[in-house]
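K.L.:
Here it is, the structure in full.
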Amino acid sequence: MNTPEPRLLPWSGVDGRPCYLIADDGGEGPVSRLADTTETVQLGMGADVLAHARALIPDALPGELRHLAECLTVALADALRVAESRGRRLRRLT
């Protein structure tokens, strides 16, 4: 029997290290569904932050730009983690 490859989850542990899920349910269990939902929310929030940034940048004050940069950094980190996780799962299918 083959052990399933761990799935990179869209959140990190308390120490900032990546979290993984090893599931033998084909990705249909409750943690897999929560991870799918979390990824969708993270990508949606990233799109919202990007739209806000585009509207704010032309007239933003320095403090607003700093806060915006922090929000964009979080959104980019989330999107990259989702992309890495999904890329790993796609490679397994090929």
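Within each chain, counting starts at residue 1; across the structure tokens, chains are named A, B, ... in the order shown, with ligands numbered 1 upward in that order.
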Quick check for you: according to DSSP on this backbone, which residues of chain A are classed as strand (DSSP E or B)? Reply as a list of chain:residue names.
P.N.:
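Matching residues, listed in order: A:Arg7, A:Leu8, A:Leu9, A:Pro10, A:Trp11, A:Ser12, A:Pro18, A:Cys19, A:Tyr20, A:Leu21.
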K.L.:
Next, the residues of the selection above should be written as a JSON list (two decimals), in the first residue's frame with all heavy atoms.
P.N.:
[["chain", "number", "residue", "atom", "x", "y", "z"],
["A", 7, "ARG", "N", -0.26, 16.75, 1.89],
["A", 7, "ARG", "CA", -0.79, 17.97, 1.28],
["A", 7, "ARG", "C", -0.34, 19.16, 2.11],
["A", 7, "ARG", "O", -0.53, 19.19, 3.34],
["A", 7, "ARG", "CB", -2.31, 17.93, 1.25],
["A", 7, "ARG", "CG", -2.91, 19.24, 0.74],
["A", 7, "ARG", "CD", -4.41, 19.25, 0.78],
["A", 7, "ARG", "NE", -4.94, 20.53, 0.36],
["A", 7, "ARG", "CZ", -6.21, 20.78, 0.16],
["A", 7, "ARG", "NH1", -7.12, 19.85, 0.36],
["A", 7, "ARG", "NH2", -6.59, 21.98, -0.22],
["A", 8, "LEU", "N", 0.25, 20.15, 1.46],
["A", 8, "LEU", "CA", 0.58, 21.40, 2.12],
["A", 8, "LEU", "C", -0.72, 22.15, 2.40],
["A", 8, "LEU", "O", -1.49, 22.43, 1.49],
["A", 8, "LEU", "CB", 1.50, 22.25, 1.24],
["A", 8, "LEU", "CG", 1.86, 23.63, 1.78],
["A", 8, "LEU", "CD1", 2.66, 23.53, 3.08],
["A", 8, "LEU", "CD2", 2.65, 24.40, 0.73],
["A", 9, "LEU", "N", -0.95, 22.45, 3.67],
["A", 9, "LEU", "CA", -2.19, 23.13, 4.05],
["A", 9, "LEU", "C", -2.03, 24.65, 3.94],
["A", 9, "LEU", "O", -0.91, 25.16, 4.00],
["A", 9, "LEU", "CB", -2.58, 22.73, 5.48],
["A", 9, "LEU", "CG", -2.95, 21.25, 5.62],
["A", 9, "LEU", "CD1", -3.13, 20.88, 7.09],
["A", 9, "LEU", "CD2", -4.21, 20.92, 4.83],
["A", 10, "PRO", "N", -3.12, 25.37, 3.78],
["A", 10, "PRO", "CA", -3.05, 26.83, 3.57],
["A", 10, "PRO", "C", -2.87, 27.64, 4.84],
["A", 10, "PRO", "O", -3.18, 28.82, 4.87],
["A", 10, "PRO", "CB", -4.38, 27.14, 2.88],
["A", 10, "PRO", "CG", -5.31, 26.12, 3.38],
["A", 10, "PRO", "CD", -4.48, 24.87, 3.59],
["A", 11, "TRP", "N", -2.38, 27.04, 5.88],
["A", 11, "TRP", "CA", -2.08, 27.76, 7.12],
["A", 11, "TRP", "C", -0.78, 27.19, 7.68],
["A", 11, "TRP", "O", -0.31, 26.14, 7.28],
["A", 11, "TRP", "CB", -3.21, 27.63, 8.13],
["A", 11, "TRP", "CG", -3.63, 26.23, 8.41],
["A", 11, "TRP", "CD1", -3.00, 25.33, 9.24],
["A", 11, "TRP", "CD2", -4.75, 25.53, 7.85],
["A", 11, "TRP", "NE1", -3.65, 24.13, 9.24],
["A", 11, "TRP", "CE2", -4.74, 24.22, 8.40],
["A", 11, "TRP", "CE3", -5.76, 25.87, 6.97],
["A", 11, "TRP", "CZ2", -5.71, 23.27, 8.08],
["A", 11, "TRP", "CZ3", -6.72, 24.92, 6.65],
["A", 11, "TRP", "CH2", -6.68, 23.64, 7.20],
["A", 12, "SER", "N", -0.18, 27.92, 8.61],
["A", 12, "SER", "CA", 1.04, 27.43, 9.24],
["A", 12, "SER", "C", 0.78, 27.15, 10.71],
["A", 12, "SER", "O", -0.23, 27.58, 11.26],
["A", 12, "SER", "CB", 2.19, 28.42, 9.12],
["A", 12, "SER", "OG", 1.83, 29.65, 8.71],
["A", 18, "PRO", "N", 5.33, 25.15, 8.04],
["A", 18, "PRO", "CA", 4.21, 24.64, 7.24],
["A", 18, "PRO", "C", 3.50, 23.48, 7.94],
["A", 18, "PRO", "O", 4.11, 22.72, 8.69],
["A", 18, "PRO", "CB", 4.87, 24.16, 5.95],
["A", 18, "PRO", "CG", 6.31, 24.46, 6.04],
["A", 18, "PRO", "CD", 6.62, 24.99, 7.40],
["A", 19, "CYS", "N", 2.22, 23.36, 7.64],
["A", 19, "CYS", "CA", 1.41, 22.24, 8.12],
["A", 19, "CYS", "C", 1.07, 21.35, 6.93],
["A", 19, "CYS", "O", 0.81, 21.86, 5.83],
["A", 19, "CYS", "CB", 0.11, 22.73, 8.75],
["A", 19, "CYS", "SG", 0.32, 23.59, 10.30],
["A", 20, "TYR", "N", 1.06, 20.06, 7.17],
["A", 20, "TYR", "CA", 0.76, 19.09, 6.13],
["A", 20, "TYR", "C", -0.34, 18.16, 6.60],
["A", 20, "TYR", "O", -0.51, 17.92, 7.79],
["A", 20, "TYR", "CB", 2.01, 18.27, 5.77],
["A", 20, "TYR", "CG", 3.11, 19.09, 5.16],
["A", 20, "TYR", "CD1", 4.08, 19.68, 5.95],
["A", 20, "TYR", "CD2", 3.16, 19.29, 3.79],
["A", 20, "TYR", "CE1", 5.09, 20.45, 5.39],
["A", 20, "TYR", "CE2", 4.16, 20.05, 3.22],
["A", 20, "TYR", "CZ", 5.13, 20.62, 4.02],
["A", 20, "TYR", "OH", 6.11, 21.38, 3.46],
["A", 21, "LEU", "N", -1.05, 17.60, 5.63],
["A", 21, "LEU", "CA", -2.09, 16.62, 5.90],
["A", 21, "LEU", "C", -1.78, 15.36, 5.11],
["A", 21, "LEU", "O", -1.51, 15.43, 3.91],
["A", 21, "LEU", "CB", -3.46, 17.16, 5.47],
["A", 21, "LEU", "CG", -4.63, 16.18, 5.48],
["A", 21, "LEU", "CD1", -4.94, 15.75, 6.91],
["A", 21, "LEU", "CD2", -5.85, 16.78, 4.82]]
K.L.:
Applying 9 Å and only C-alpha atoms, which residues near A:Leu68 remain after dropping the ones on its own chain fewer than 2 positions away? List them as a list in words.
P.N.:
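With the cut-off at 9 Å, the set is Val49, His52, Ala53, Leu56, Ile57, Gly63, Glu64, Leu65, Arg66, Glu70, Cys71, Leu72 and Thr73 of chain A.
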K.L.:
List as a tab-separated table every residue of stretch 33-54 of chain A that is in contact with stretch 76-86 of chain A, defined as an atom at most 8 Å from one of its atoms (using only C-alpha atoms), together with the nearest atom pair and the distance in Å rounded to one decimal, sorted by chain and then rising number.
P.N.:
residue	atom	partner	partner_atom	distance
A:Glu39	CA	A:Val82	CA	6.3
A:Gln42	CA	A:Asp78	CA	6.4
A:Leu43	CA	A:Ala79	CA	6.2
A:Gly46	CA	A:Leu76	CA	7.2
K.L.:
Identify, with DSSP run on backbone atoms, the residues in stretch 18-91 of chain A assigned to alpha helix (DSSP H), and express the list as a ChimeraX atom specification.
P.N.:
/A:30-56,62-91
K.L.:
Which value, in Å to one decimal, gives the distance between atom CA of A:Gly87 and atom CA of A:Gly16?
P.N.:
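One can read the atom CA of A:Gly87 to atom CA of A:Gly16 distance as 21.2 Å.
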K.L.:
Suppose you want the space between atom CA of A:Asp59 and atom CA of A:Val41; what is it in Å?
P.N.:
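Atom-to-atom, atom CA of A:Asp59 and atom CA of A:Val41 are spaced 28.2 Å apart.
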K.L.:
Take atom CA of A:Gly44 and atom CA of A:Ala75 and report the distance between them in Å, one decimal.
P.N.:
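Atom-to-atom, atom CA of A:Gly44 to atom CA of A:Ala75, that is 9.5 Å.
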